[in-house]
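J.: Once you've had a glance at the structure underneath, I'll fire off some questions.
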Amino acid sequence: MKLILASKSPRRRQMFDSLGLDYEAITTSVDESYRGKTVPSRLVEILSLRKAAAVEADKDDIIIASDTVVALDNRIFGKPADRHEAYEMMSALSGTVHKVYSGYAIIRGDKKVSGHVATKVKFRDLTDEEINAYIDTDEPYDKAGGYGIQENGGFFVAAINGDFNNVVGMPLSTIETVLRENFHVSLLDFRKKK
C-alpha cells in the first residue's frame, strides 16, 4: 500500500513533507476548464476527482488530490495569468471577507470519496503600492486568488475563520477524518520509518 499525492503544487508537497510522510507525488495533466456558472464548492470537488482519477495505481494504494479556488460573492478566482489579472484579484479582495474552497478526492481501488472545505478569510484594506510590491515578488502567479497565506500574502490577512491548511491548499484535518472513517487508515500510517 502506497500513499500517492496527485498534485504538482509545491505547497501540498511541503505539507506532506512537513508531516514526515512517505509518499509518491505524481503530476497529472487534467482539463481544469469549466463552462458557464459553476458553484465554487462543486468546481473544486470535480477538479479534485479528475486529478485523482488520472493516476494509475494498485488497488490498495491511497490516492489523494486537492484543488483550491478563492471566491468572492461566487466570483471564482483561480491563478492569475499575468500582472494585470493579479492586480485585479488583489484589488477585488482588498477589504473584503472572501472564501477559500479546497476540494479533495480520495481513491482506493473502486472506492472514491470527495468533498470540500470552505474557510472565510478577511483581508485588510490594501494600497496600490502594497499590491504592486506584492506582485513584484512573483508569488501570486501559482496561487488561487493570487496570494499565499503562508508566505508574504499573509501580511494582508486580518482574520481567518476556519481551517488554515485549507487556505494553504489542502484540508488535512478533513482528509484525515475521511481516511479513518471510509478507508480505515490514517496519514500517520504513512510516516517515514526512522
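Convention: chains lettered A, B, ... in C-alpha cells order; per-chain residue numbering from 1; ligands numbered from 1 as shown.
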Counting only C-alpha atoms, give me one row per residue of segment 60-136 of chain A with an atom at most 6 Å from an atom of segment 2-25 of chain A, showing the shortest contact pair and its distance in Å to one decimal, sorted by chain then residue number, as CSV.

T.:
residue,atom,partner,partner_atom,distance
A:Asp61,CA,A:Lys2,CA,4.7
A:Ile62,CA,A:Leu3,CA,5.0
A:Ile63,CA,A:Ile4,CA,4.7
A:Ile64,CA,A:Leu5,CA,5.1
A:Ala65,CA,A:Ala6,CA,4.9

J.: Enumerate as a list in words all residues of segment 118-184 of chain A assigned to strand (DSSP E or B) by DSSP on the backbone, naming them with the chain letters and numbers the document uses.

T.: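 Assigned to strand (DSSP E or B), within segment 118-184 of chain A: Ala118, Thr119, Lys120, Val121, Lys122, Phe123, Val157, Ala158, Ala159, Ile160 and Asn161 of chain A.
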
J.: Suppose we keep N, CA, C and O atoms; can you now write the selection as a PDB file, in the first residue's frame?

T.:
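Produced file again04.pdb, reproduced below:
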ATOM      1  N   ALA A 118     -14.638  24.952   3.168  1.00  0.00           N
ATOM      2  CA  ALA A 118     -14.605  26.395   2.901  1.00  0.00           C
ATOM      3  C   ALA A 118     -14.103  27.119   4.146  1.00  0.00           C
ATOM      4  O   ALA A 118     -14.505  26.794   5.260  1.00  0.00           O
ATOM      5  N   THR A 119     -13.220  28.080   3.938  1.00  0.00           N
ATOM      6  CA  THR A 119     -12.671  28.886   5.020  1.00  0.00           C
ATOM      7  C   THR A 119     -12.860  30.355   4.671  1.00  0.00           C
ATOM      8  O   THR A 119     -12.581  30.765   3.542  1.00  0.00           O
ATOM      9  N   LYS A 120     -13.337  31.136   5.633  1.00  0.00           N
ATOM     10  CA  LYS A 120     -13.505  32.577   5.415  1.00  0.00           C
ATOM     11  C   LYS A 120     -12.207  33.301   5.756  1.00  0.00           C
ATOM     12  O   LYS A 120     -11.595  33.045   6.798  1.00  0.00           O
ATOM     13  N   VAL A 121     -11.811  34.203   4.864  1.00  0.00           N
ATOM     14  CA  VAL A 121     -10.594  34.994   5.064  1.00  0.00           C
ATOM     15  C   VAL A 121     -10.948  36.473   4.909  1.00  0.00           C
ATOM     16  O   VAL A 121     -11.589  36.853   3.932  1.00  0.00           O
ATOM     17  N   LYS A 122     -10.536  37.276   5.881  1.00  0.00           N
ATOM     18  CA  LYS A 122     -10.755  38.722   5.809  1.00  0.00           C
ATOM     19  C   LYS A 122      -9.441  39.413   5.471  1.00  0.00           C
ATOM     20  O   LYS A 122      -8.443  39.224   6.153  1.00  0.00           O
ATOM     21  N   PHE A 123      -9.459  40.169   4.388  1.00  0.00           N
ATOM     22  CA  PHE A 123      -8.310  40.996   4.004  1.00  0.00           C
ATOM     23  C   PHE A 123      -8.482  42.392   4.585  1.00  0.00           C
ATOM     24  O   PHE A 123      -9.587  42.934   4.601  1.00  0.00           O
ATOM     25  N   VAL A 157      -3.823  39.413   5.545  1.00  0.00           N
ATOM     26  CA  VAL A 157      -4.916  38.720   6.227  1.00  0.00           C
ATOM     27  C   VAL A 157      -5.147  39.311   7.615  1.00  0.00           C
ATOM     28  O   VAL A 157      -4.266  39.268   8.472  1.00  0.00           O
ATOM     29  N   ALA A 158      -6.357  39.860   7.807  1.00  0.00           N
ATOM     30  CA  ALA A 158      -6.717  40.431   9.113  1.00  0.00           C
ATOM     31  C   ALA A 158      -7.344  39.383  10.026  1.00  0.00           C
ATOM     32  O   ALA A 158      -7.202  39.452  11.247  1.00  0.00           O
ATOM     33  N   ALA A 159      -8.033  38.405   9.441  1.00  0.00           N
ATOM     34  CA  ALA A 159      -8.682  37.366  10.240  1.00  0.00           C
ATOM     35  C   ALA A 159      -8.974  36.155   9.365  1.00  0.00           C
ATOM     36  O   ALA A 159      -9.080  36.262   8.145  1.00  0.00           O
ATOM     37  N   ILE A 160      -9.110  35.021  10.030  1.00  0.00           N
ATOM     38  CA  ILE A 160      -9.458  33.780   9.335  1.00  0.00           C
ATOM     39  C   ILE A 160     -10.471  33.031  10.190  1.00  0.00           C
ATOM     40  O   ILE A 160     -10.359  33.007  11.413  1.00  0.00           O
ATOM     41  N   ASN A 161     -11.470  32.469   9.541  1.00  0.00           N
ATOM     42  CA  ASN A 161     -12.473  31.690  10.239  1.00  0.00           C
ATOM     43  C   ASN A 161     -12.546  30.331   9.556  1.00  0.00           C
ATOM     44  O   ASN A 161     -13.162  30.187   8.507  1.00  0.00           O
TER      45      ASN A 161
END

J.: For each of A:Ala54, A:Ile26, A:Ile135, A:Val97, take the minimum atom-to-atom distance to Arg83 of chain A, counting only C-alpha atoms, then give the residue where this is smallest.

T.: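 Among the listed residues, the smallest separation from Arg83 of chain A belongs to A:Ile135.
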
J.: Write out as a PyMOL selection string each polymer residue whose atoms come within 10 Å of Arg75 of chain A, counting only C-alpha atoms; drop sequence neighbours fewer than 3 positions from it.

T.: chain A and resi 37-40+69-72+78+98

J.: From the set A:Met90, A:Leu179, A:Val30, A:Met170, which residue has the shortest atom-to-atom contact distance to Glu130 of chain A, counting only C-alpha atoms?

T.: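 Answer, going by the shortest atom-to-atom distance: A:Met90.
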
J.: Would you please work out which residue, of A:Val185, A:Val117, A:Val44, A:Ile175, is nearest to Thr68 of chain A when using only C-alpha atoms?

T.: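 Using only C-alpha atoms, the shortest distance to Thr68 of chain A belongs to A:Val44.
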
J.: Report, in Å to a single decimal, how far apart atom CA of His116 of chain A and atom CA of Ser48 of chain A are.

T.: 9.4 Å

J.: If we count only C-alpha atoms, what is near Asp82 of chain A at a cut-off of 12 Å, once residues fewer than 5 positions away on the same chain are taken out, given as a PyMOL selection string?

T.: chain A and resi 87-89+135-136+138-142+146

J.: Report as a ChimeraX atom specification: the residues of chain A with a DSSP assignment of helix (DSSP H, G or I), based on the backbone of this structure.

T.: /A:10-18,40-53,83-93,128-136,139-142,144-146,152-156,164-168,172-183,187-190
